[in-house]
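Trainee: Enclosed is the structure file structure28.cif (mmCIF, C-alpha atoms and all ligand atoms).
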```
data_coords
loop_
_atom_site.group_PDB
_atom_site.id
_atom_site.type_symbol
_atom_site.label_atom_id
_atom_site.label_comp_id
_atom_site.auth_asym_id
_atom_site.auth_seq_id
_atom_site.Cartn_x
_atom_site.Cartn_y
_atom_site.Cartn_z
ATOM 1 C CA MET A 1120 45.434 -3.955 139.666
ATOM 2 C CA ASP A 1121 45.688 -7.299 137.916
ATOM 3 C CA ILE A 1122 44.626 -9.281 134.843
ATOM 4 C CA PRO A 1123 41.683 -11.748 134.953
ATOM 5 C CA ARG A 1124 42.514 -14.611 137.296
ATOM 6 C CA ILE A 1125 42.082 -17.337 134.666
ATOM 7 C CA PHE A 1126 45.315 -16.215 132.945
ATOM 8 C CA ASN A 1127 47.266 -16.150 136.192
ATOM 9 C CA ILE A 1128 46.151 -19.758 136.719
ATOM 10 C CA THR A 1129 46.428 -21.274 133.227
ATOM 11 C CA GLU A 1130 49.725 -19.537 132.382
ATOM 12 C CA SER A 1131 51.383 -19.645 135.803
ATOM 13 C CA ALA A 1132 53.995 -22.148 134.580
ATOM 14 C CA HIS A 1133 54.657 -20.435 131.239
ATOM 15 C CA ARG A 1134 57.847 -18.491 130.728
ATOM 16 C CA ILE A 1135 56.638 -17.313 127.323
ATOM 17 C CA HIS A 1136 52.973 -16.290 127.227
ATOM 18 C CA ASN A 1137 52.706 -16.614 123.464
ATOM 19 C CA PRO A 1138 52.961 -19.365 120.817
ATOM 20 C CA PHE A 1139 56.753 -18.983 120.721
ATOM 21 C CA THR A 1140 59.382 -21.466 121.899
ATOM 22 C CA PRO A 1141 62.637 -20.363 123.578
ATOM 23 C CA GLU A 1142 64.317 -21.148 120.245
ATOM 24 C CA LYS A 1143 62.037 -18.792 118.331
ATOM 25 C CA LEU A 1144 62.605 -16.054 120.891
ATOM 26 C CA ALA A 1145 66.371 -16.488 120.474
ATOM 27 C CA THR A 1146 65.969 -16.522 116.679
ATOM 28 C CA LEU A 1147 64.130 -13.213 116.881
ATOM 29 C CA GLY A 1148 66.857 -11.648 119.031
ATOM 30 C CA ALA A 1149 69.533 -12.857 116.601
ATOM 31 C CA ALA A 1150 67.503 -11.664 113.597
ATOM 32 C CA LEU A 1151 67.423 -8.143 115.041
ATOM 33 C CA ARG A 1152 71.262 -8.105 115.236
ATOM 34 C CA LEU A 1153 71.084 -6.501 118.676
ATOM 35 C CA GLU A 1154 74.233 -4.634 119.683
ATOM 36 C CA PRO A 1155 75.408 -5.038 123.292
ATOM 37 C CA GLY A 1156 73.960 -2.205 125.356
ATOM 38 C CA THR A 1157 70.832 -1.792 123.214
ATOM 39 C CA ARG A 1158 67.921 -0.690 125.403
ATOM 40 C CA VAL A 1159 64.645 -2.571 124.922
ATOM 41 C CA LEU A 1160 61.193 -1.456 126.080
ATOM 42 C CA ASP A 1161 58.599 -4.224 126.451
ATOM 43 C CA LEU A 1162 54.931 -3.324 127.024
ATOM 44 C CA GLY A 1163 53.098 -6.354 128.397
ATOM 45 C CA SER A 1164 56.366 -8.088 129.295
ATOM 46 C CA GLY A 1165 54.726 -11.102 130.940
ATOM 47 C CA SER A 1166 57.253 -13.227 132.838
ATOM 48 C CA GLY A 1167 60.111 -11.321 131.256
ATOM 49 C CA GLU A 1168 61.639 -14.096 129.163
ATOM 50 C CA MET A 1169 62.388 -11.884 126.159
ATOM 51 C CA LEU A 1170 64.147 -9.124 128.106
ATOM 52 C CA CYS A 1171 66.009 -11.563 130.376
ATOM 53 C CA THR A 1172 67.294 -13.990 127.743
ATOM 54 C CA TRP A 1173 68.223 -11.216 125.308
ATOM 55 C CA ALA A 1174 70.137 -9.470 128.108
ATOM 56 C CA ARG A 1175 71.978 -12.732 128.784
ATOM 57 C CA ASP A 1176 72.554 -13.736 125.149
ATOM 58 C CA TYR A 1177 72.935 -10.392 123.359
ATOM 59 C CA GLY A 1178 73.980 -7.966 126.122
ATOM 60 C CA SER A 1179 70.875 -5.778 125.842
ATOM 61 C CA SER A 1180 69.201 -4.007 128.751
ATOM 62 C CA GLY A 1181 65.732 -2.626 129.287
ATOM 63 C CA VAL A 1182 62.456 -2.248 131.042
ATOM 64 C CA GLY A 1183 59.210 -4.245 130.988
ATOM 65 C CA ILE A 1184 55.767 -3.252 132.246
ATOM 66 C CA ASP A 1185 53.064 -5.800 132.942
ATOM 67 C CA MET A 1186 49.691 -5.742 134.645
ATOM 68 C CA SER A 1187 49.974 -9.250 136.115
ATOM 69 C CA GLN A 1188 51.479 -9.155 139.582
ATOM 70 C CA LEU A 1189 52.366 -12.856 139.349
ATOM 71 C CA PHE A 1190 54.091 -12.585 135.956
ATOM 72 C CA THR A 1191 56.010 -9.469 137.054
ATOM 73 C CA GLU A 1192 57.276 -11.283 140.167
ATOM 74 C CA GLN A 1193 58.305 -14.237 137.988
ATOM 75 C CA ALA A 1194 60.125 -11.843 135.646
ATOM 76 C CA LYS A 1195 62.157 -10.399 138.519
ATOM 77 C CA LEU A 1196 63.068 -13.890 139.724
ATOM 78 C CA ARG A 1197 64.080 -14.887 136.183
ATOM 79 C CA ALA A 1198 66.308 -11.815 135.878
ATOM 80 C CA ALA A 1199 68.069 -12.780 139.107
ATOM 81 C CA GLU A 1200 68.348 -16.408 137.984
ATOM 82 C CA LEU A 1201 69.980 -15.421 134.684
ATOM 83 C CA GLY A 1202 72.250 -12.869 136.370
ATOM 84 C CA VAL A 1203 70.837 -9.866 134.493
ATOM 85 C CA ALA A 1204 68.907 -8.132 137.301
ATOM 86 C CA ASP A 1205 71.266 -5.146 137.094
ATOM 87 C CA ARG A 1206 70.276 -4.553 133.467
ATOM 88 C CA VAL A 1207 66.572 -5.329 133.217
ATOM 89 C CA GLU A 1208 63.830 -3.759 135.293
ATOM 90 C CA PHE A 1209 60.243 -5.001 135.635
ATOM 91 C CA ILE A 1210 57.396 -2.736 136.668
ATOM 92 C CA HIS A 1211 53.974 -3.963 137.737
ATOM 93 C CA GLY A 1212 51.429 -1.637 136.181
ATOM 94 C CA ASP A 1213 49.236 -0.629 133.291
ATOM 95 C CA ALA A 1214 51.396 -0.094 130.200
ATOM 96 C CA ALA A 1215 48.758 2.054 128.446
ATOM 97 C CA GLY A 1216 50.414 5.392 127.739
ATOM 98 C CA TYR A 1217 53.806 4.292 129.091
ATOM 99 C CA VAL A 1218 56.712 6.233 127.551
ATOM 100 C CA THR A 1219 60.365 5.871 128.630
ATOM 101 C CA ALA A 1220 62.377 8.892 129.806
ATOM 102 C CA GLU A 1221 65.430 7.616 127.899
ATOM 103 C CA LYS A 1222 64.821 6.591 124.249
ATOM 104 C CA VAL A 1223 65.257 2.909 123.388
ATOM 105 C CA GLY A 1224 66.682 1.069 120.391
ATOM 106 C CA VAL A 1225 63.898 -1.548 120.388
ATOM 107 C CA ALA A 1226 60.323 -0.859 121.525
ATOM 108 C CA ALA A 1227 58.142 -3.967 121.730
ATOM 109 C CA CYS A 1228 54.615 -5.073 122.399
ATOM 110 C CA VAL A 1229 54.469 -8.806 121.876
ATOM 111 C CA GLY A 1230 50.969 -10.211 122.066
ATOM 112 C CA ALA A 1231 49.257 -7.376 123.917
ATOM 113 C CA THR A 1232 48.374 -4.725 121.327
ATOM 114 C CA TRP A 1233 45.103 -3.894 123.108
ATOM 115 C CA ILE A 1234 47.427 -1.852 125.371
ATOM 116 C CA GLY A 1235 47.520 0.846 122.696
ATOM 117 C CA GLY A 1236 43.978 0.217 121.446
ATOM 118 C CA GLY A 1237 45.092 -1.987 118.532
ATOM 119 C CA VAL A 1238 48.132 -2.368 116.292
ATOM 120 C CA GLY A 1239 48.136 1.219 114.963
ATOM 121 C CA GLY A 1240 47.710 2.809 118.384
ATOM 122 C CA THR A 1241 50.370 0.566 119.899
ATOM 123 C CA ILE A 1242 52.875 1.412 117.170
ATOM 124 C CA ALA A 1243 52.198 5.132 117.797
ATOM 125 C CA LEU A 1244 52.698 4.626 121.547
ATOM 126 C CA LEU A 1245 55.940 2.654 121.113
ATOM 127 C CA ALA A 1246 57.256 5.249 118.659
ATOM 128 C CA LYS A 1247 57.231 7.854 121.466
ATOM 129 C CA SER A 1248 59.942 5.881 123.289
ATOM 130 C CA LEU A 1249 62.000 4.987 120.214
ATOM 131 C CA ARG A 1250 65.254 6.599 119.163
ATOM 132 C CA ALA A 1251 65.681 7.583 115.508
ATOM 133 C CA GLY A 1252 66.427 4.489 113.445
ATOM 134 C CA GLY A 1253 65.140 2.161 116.168
ATOM 135 C CA ILE A 1254 63.025 -0.954 115.705
ATOM 136 C CA ILE A 1255 59.437 -1.537 116.792
ATOM 137 C CA LEU A 1256 58.331 -5.110 117.517
ATOM 138 C CA ILE A 1257 54.700 -6.084 117.251
ATOM 139 C CA GLY A 1258 53.527 -9.578 118.176
ATOM 140 C CA GLU A 1259 50.121 -10.201 116.666
ATOM 141 C CA PRO A 1260 47.795 -12.983 115.510
ATOM 142 C CA TYR A 1261 46.676 -13.341 111.895
ATOM 143 C CA TRP A 1262 44.424 -15.787 110.089
ATOM 144 C CA LEU A 1263 46.201 -18.746 108.458
ATOM 145 C CA GLN A 1264 42.973 -19.222 106.531
ATOM 146 C CA LEU A 1265 39.874 -17.097 106.797
ATOM 147 C CA PRO A 1266 37.329 -18.651 109.212
ATOM 148 C CA PRO A 1267 34.264 -19.715 107.208
ATOM 149 C CA THR A 1268 31.904 -18.483 109.954
ATOM 150 C CA GLU A 1269 31.917 -16.134 112.925
ATOM 151 C CA ALA A 1270 31.450 -19.208 115.135
ATOM 152 C CA VAL A 1271 34.824 -20.532 113.953
ATOM 153 C CA ALA A 1272 36.450 -17.152 114.768
ATOM 154 C CA LYS A 1273 34.928 -17.338 118.261
ATOM 155 C CA GLY A 1274 36.286 -20.890 118.581
ATOM 156 C CA CYS A 1275 39.721 -19.317 118.078
ATOM 157 C CA ARG A 1276 38.891 -16.924 120.937
ATOM 158 C CA ALA A 1277 38.656 -13.988 118.530
ATOM 159 C CA GLY A 1278 35.765 -11.582 119.010
ATOM 160 C CA SER A 1279 35.014 -11.764 115.293
ATOM 161 C CA ILE A 1280 36.602 -12.508 111.904
ATOM 162 C CA ALA A 1281 37.283 -8.780 111.567
ATOM 163 C CA ASP A 1282 39.610 -8.817 114.596
ATOM 164 C CA PHE A 1283 42.505 -10.224 112.552
ATOM 165 C CA LEU A 1284 43.873 -10.095 109.001
ATOM 166 C CA LEU A 1285 45.479 -12.642 106.708
ATOM 167 C CA LEU A 1286 49.289 -12.484 106.802
ATOM 168 C CA PRO A 1287 49.711 -10.564 103.500
ATOM 169 C CA GLU A 1288 47.098 -8.050 104.680
ATOM 170 C CA LEU A 1289 48.728 -7.662 108.079
ATOM 171 C CA LEU A 1290 52.107 -7.026 106.421
ATOM 172 C CA ALA A 1291 50.469 -4.520 104.062
ATOM 173 C CA SER A 1292 48.824 -2.765 107.028
ATOM 174 C CA PHE A 1293 52.254 -1.903 108.443
ATOM 175 C CA GLY A 1294 53.154 -0.331 105.107
ATOM 176 C CA LYS A 1295 50.005 1.756 105.216
ATOM 177 C CA LEU A 1296 51.206 3.130 108.571
ATOM 178 C CA ASP A 1297 54.448 4.110 106.788
ATOM 179 C CA TYR A 1298 56.586 1.377 108.343
ATOM 180 C CA ASP A 1299 58.882 -1.090 106.591
ATOM 181 C CA VAL A 1300 58.660 -4.673 107.809
ATOM 182 C CA VAL A 1301 62.380 -5.450 108.240
ATOM 183 C CA GLU A 1302 62.164 -8.894 109.883
ATOM 184 C CA MET A 1303 59.649 -11.398 111.148
ATOM 185 C CA VAL A 1304 59.580 -14.666 113.061
ATOM 186 C CA LEU A 1305 56.378 -16.696 112.881
ATOM 187 C CA ALA A 1306 54.837 -19.276 115.179
ATOM 188 C CA ASP A 1307 54.093 -22.748 113.798
ATOM 189 C CA GLN A 1308 51.880 -25.553 115.005
ATOM 190 C CA ASP A 1309 54.600 -26.977 117.258
ATOM 191 C CA SER A 1310 55.181 -23.648 118.965
ATOM 192 C CA TRP A 1311 51.408 -23.137 119.282
ATOM 193 C CA ASP A 1312 51.238 -26.544 120.982
ATOM 194 C CA ARG A 1313 53.866 -25.439 123.508
ATOM 195 C CA TYR A 1314 51.736 -22.410 124.395
ATOM 196 C CA GLU A 1315 48.312 -24.061 124.459
ATOM 197 C CA ALA A 1316 48.998 -27.631 125.551
ATOM 198 C CA ALA A 1317 51.218 -26.455 128.421
ATOM 199 C CA LYS A 1318 48.114 -24.847 129.936
ATOM 200 C CA TRP A 1319 46.400 -28.214 130.244
ATOM 201 C CA LEU A 1320 48.887 -29.788 132.659
ATOM 202 C CA THR A 1321 49.000 -26.531 134.625
ATOM 203 C CA MET A 1322 45.189 -26.546 134.919
ATOM 204 C CA ARG A 1323 45.107 -30.199 135.910
ATOM 205 C CA ARG A 1324 47.709 -29.675 138.643
ATOM 206 C CA TRP A 1325 45.939 -26.524 139.851
ATOM 207 C CA LEU A 1326 42.658 -28.433 140.108
ATOM 208 C CA GLU A 1327 44.321 -31.127 142.175
ATOM 209 C CA THR A 1328 45.507 -28.653 144.805
ATOM 210 C CA ASN A 1329 42.597 -26.164 144.604
ATOM 211 C CA SER A 1330 39.517 -28.369 144.416
ATOM 212 C CA ASP A 1331 37.727 -26.218 147.035
ATOM 213 C CA ASP A 1332 38.401 -22.947 145.232
ATOM 214 C CA ALA A 1333 35.300 -21.131 143.963
ATOM 215 C CA PHE A 1334 37.049 -20.913 140.593
ATOM 216 C CA ALA A 1335 37.554 -24.690 140.254
ATOM 217 C CA LYS A 1336 34.355 -25.225 138.247
ATOM 218 C CA GLU A 1337 35.477 -22.729 135.627
ATOM 219 C CA VAL A 1338 38.970 -24.197 135.372
ATOM 220 C CA ARG A 1339 37.535 -27.720 135.123
ATOM 221 C CA ALA A 1340 35.207 -26.671 132.291
ATOM 222 C CA GLU A 1341 38.115 -24.998 130.511
ATOM 223 C CA LEU A 1342 40.368 -28.058 130.839
ATOM 224 C CA THR A 1343 37.627 -30.428 129.673
ATOM 225 C CA ALA A 1344 37.003 -28.431 126.497
ATOM 226 C CA ALA A 1345 40.468 -27.054 125.770
ATOM 227 C CA SER A 1346 42.287 -29.726 123.748
ATOM 228 C CA GLU A 1347 39.470 -30.467 121.315
ATOM 229 C CA ARG A 1348 38.605 -26.822 120.853
ATOM 230 C CA TYR A 1349 42.247 -25.930 120.245
ATOM 231 C CA ALA A 1350 42.728 -28.705 117.653
ATOM 232 C CA THR A 1351 39.490 -27.786 115.873
ATOM 233 C CA TYR A 1352 39.945 -24.033 115.744
ATOM 234 C CA THR A 1353 43.100 -22.206 116.850
ATOM 235 C CA ARG A 1354 45.560 -24.813 115.608
ATOM 236 C CA GLU A 1355 44.017 -24.774 112.123
ATOM 237 C CA TYR A 1356 43.039 -21.136 111.686
ATOM 238 C CA LEU A 1357 45.239 -18.863 113.748
ATOM 239 C CA GLY A 1358 48.772 -17.791 112.987
ATOM 240 C CA TRP A 1359 50.942 -15.578 115.132
ATOM 241 C CA GLY A 1360 54.169 -13.745 114.591
ATOM 242 C CA VAL A 1361 56.479 -10.986 115.727
ATOM 243 C CA PHE A 1362 57.051 -8.283 113.133
ATOM 244 C CA ALA A 1363 60.020 -5.912 113.228
ATOM 245 C CA LEU A 1364 59.218 -2.476 111.874
ATOM 246 C CA MET A 1365 61.217 0.625 110.963
ATOM 247 C CA SER A 1366 59.670 3.969 110.158
ATOM 248 C CA ARG A 1367 60.057 4.963 106.480
HETATM 249 N N1 LIG A 1401 54.947 -10.363 125.931
HETATM 250 C C1 LIG A 1401 54.819 -11.413 126.920
HETATM 251 C C2 LIG A 1401 53.397 -11.563 127.463
HETATM 252 C C3 LIG A 1401 52.303 -11.690 126.424
HETATM 253 S S1 LIG A 1401 50.719 -12.136 127.109
HETATM 254 C C4 LIG A 1401 55.296 -12.735 126.353
HETATM 255 O O1 LIG A 1401 55.389 -12.845 125.125
HETATM 256 O O2 LIG A 1401 55.540 -13.657 127.111
HETATM 257 C C5 LIG A 1401 49.977 -10.550 127.354
HETATM 258 C C6 LIG A 1401 50.520 -9.854 128.595
HETATM 259 O O3 LIG A 1401 49.942 -8.562 128.672
HETATM 260 C C7 LIG A 1401 50.205 -10.548 129.905
HETATM 261 O O4 LIG A 1401 51.405 -10.755 130.601
HETATM 262 C C8 LIG A 1401 49.297 -9.561 130.641
HETATM 263 O O5 LIG A 1401 49.492 -9.587 132.032
HETATM 264 C C9 LIG A 1401 49.736 -8.253 130.043
HETATM 265 N N2 LIG A 1401 48.779 -7.142 130.067
HETATM 266 C C10 LIG A 1401 47.461 -7.152 129.742
HETATM 267 N N3 LIG A 1401 46.955 -5.916 129.801
HETATM 268 C C11 LIG A 1401 47.981 -5.085 130.158
HETATM 269 C C12 LIG A 1401 48.106 -3.680 130.385
HETATM 270 N N4 LIG A 1401 47.069 -2.869 130.241
HETATM 271 N N5 LIG A 1401 49.319 -3.193 130.731
HETATM 272 C C13 LIG A 1401 50.383 -4.012 130.894
HETATM 273 N N6 LIG A 1401 50.320 -5.342 130.694
HETATM 274 C C14 LIG A 1401 49.144 -5.867 130.328
#
```
If you took the structure in this file and wrote it as structure tokens, what would it be?
Ligand code: SAH

Mentor:
Amino acid sequence: MDIPRIFNITESAHRIHNPFTPEKLATLGAALRLEPGTRVLDLGSGSGEMLCTWARDYGSSGVGIDMSQLFTEQAKLRAAELGVADRVEFIHGDAAGYVTAEKVGVAACVGATWIGGGVGGTIALLAKSLRAGGIILIGEPYWLQLPPTEAVAKGCRAGSIADFLLLPELLASFGKLDYDVVEMVLADQDSWDRYEAAKWLTMRRWLETNSDDAFAKEVRAELTAASERYATYTREYLGWGVFALMSR
């Protein structure tokens, strides 16, 4: 079981697989006013940076599930490196339907809401693991400005314009699910650059050591097109944020 290989190549050097910097991740943890000992569930935990740094900085603990074998291994190494391996656990697997035995204070899905079949389904899934009064975290894209054409949406790697909402609409959608938005931290163009531009050097280095790989043609095509496409589309049209929600 694994995710498509292109992600394991282009994001192999990322600690955060989202348009967030370490500073924004720390800001989010501080904004949530985490108490030491708070348990955090993270569906689609990637390389574990959120669980590991929050355990180190805020004394939380928790469990992450991710379908990428590579990212899960990196998460375990990061936990050991930061001295929090006794408090955070990483499981390689499909997070669809995953519910914790022990309820958590924070239940998160940051940039992987397809796991629950969309934002609404993922909130419902996370709610099954959440203690009363706990916080749900949803990381999700939104349109900074509405793409004028479907081709522009596709340039942003969205399936269609309808895949995402404008920020006010996204915030309103949480209300319609009977959740208060109690905090948010948003990406900006600099943090988007850290996510997207970091892939380019990773791809270039991969190509240099894997020129004979059957996948090299695909990675080369991706690298050749990536910077211009990103500057034309994603950087101008796509926002991203993590939204903290509490049930009304
Ligand atoms: N939350 C992490 C990773 C976001 S990228 C971070 O912010 O760094 C999306 C992640 O979802 C990837 O790590 C990918 O491997 C994982 N993923 C995709 N489908 C999944 C599934 N069905 N179950 C668990 N993880 C999944």

Trainee: Give the residues close to ligand LIG 1401 (chain A), within 10 Å, counting all atoms listed in the file; write them as number ranges by chain.

Mentor: A: 1120-1123, 1126-1127, 1130, 1133-1139, 1144, 1161-1170, 1183-1191, 1194, 1210-1217, 1227-1236, 1257-1258, 1314, 1361

Trainee: Give me, as a list of chain:residue names, all polymer residues having an atom no more than 7 Å from stretch 1277-1281 of chain A, counting only C-alpha atoms and skipping those fewer than 5 positions away in the same chain.

Mentor: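 These residues fall inside the cut-off: A:Pro1266, A:Glu1269, A:Ala1272.
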
Trainee: How far is it from atom CA of A:Arg1367 to atom CA of A:Tyr1298, in Å with one decimal?

Mentor: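 Taking atom CA of A:Arg1367 and atom CA of A:Tyr1298, their separation equals 5.3 Å.
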
Trainee: Do you know which residues the PyMOL selection byres (((chain A and resi 1345) around 12) and not hetatm) returns on this file, as a count of residues only?

Mentor: 30

Trainee: Could you tell me how far atom CA of A:Glu1142 lies from atom CA of A:Glu1154, in Å and to one decimal?

Mentor: 19.3 Å

Trainee: For the PyMOL selection byres (((chain A and resi 1222) around 12) and not hetatm), applied here, can you spell out every residue it catches as a list in words?

Mentor: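 Against this file, the PyMOL selection byres (((chain A and resi 1222) around 12) and not hetatm) returns the residues Thr1157, Arg1158, Val1159, Leu1160, Gly1181, Val1182, Val1218, Thr1219, Ala1220, Glu1221, Val1223, Gly1224, Val1225, Ala1226, Leu1245, Ala1246, Lys1247, Ser1248, Leu1249, Arg1250, Ala1251, Gly1252, Gly1253 and Ile1254 of chain A.
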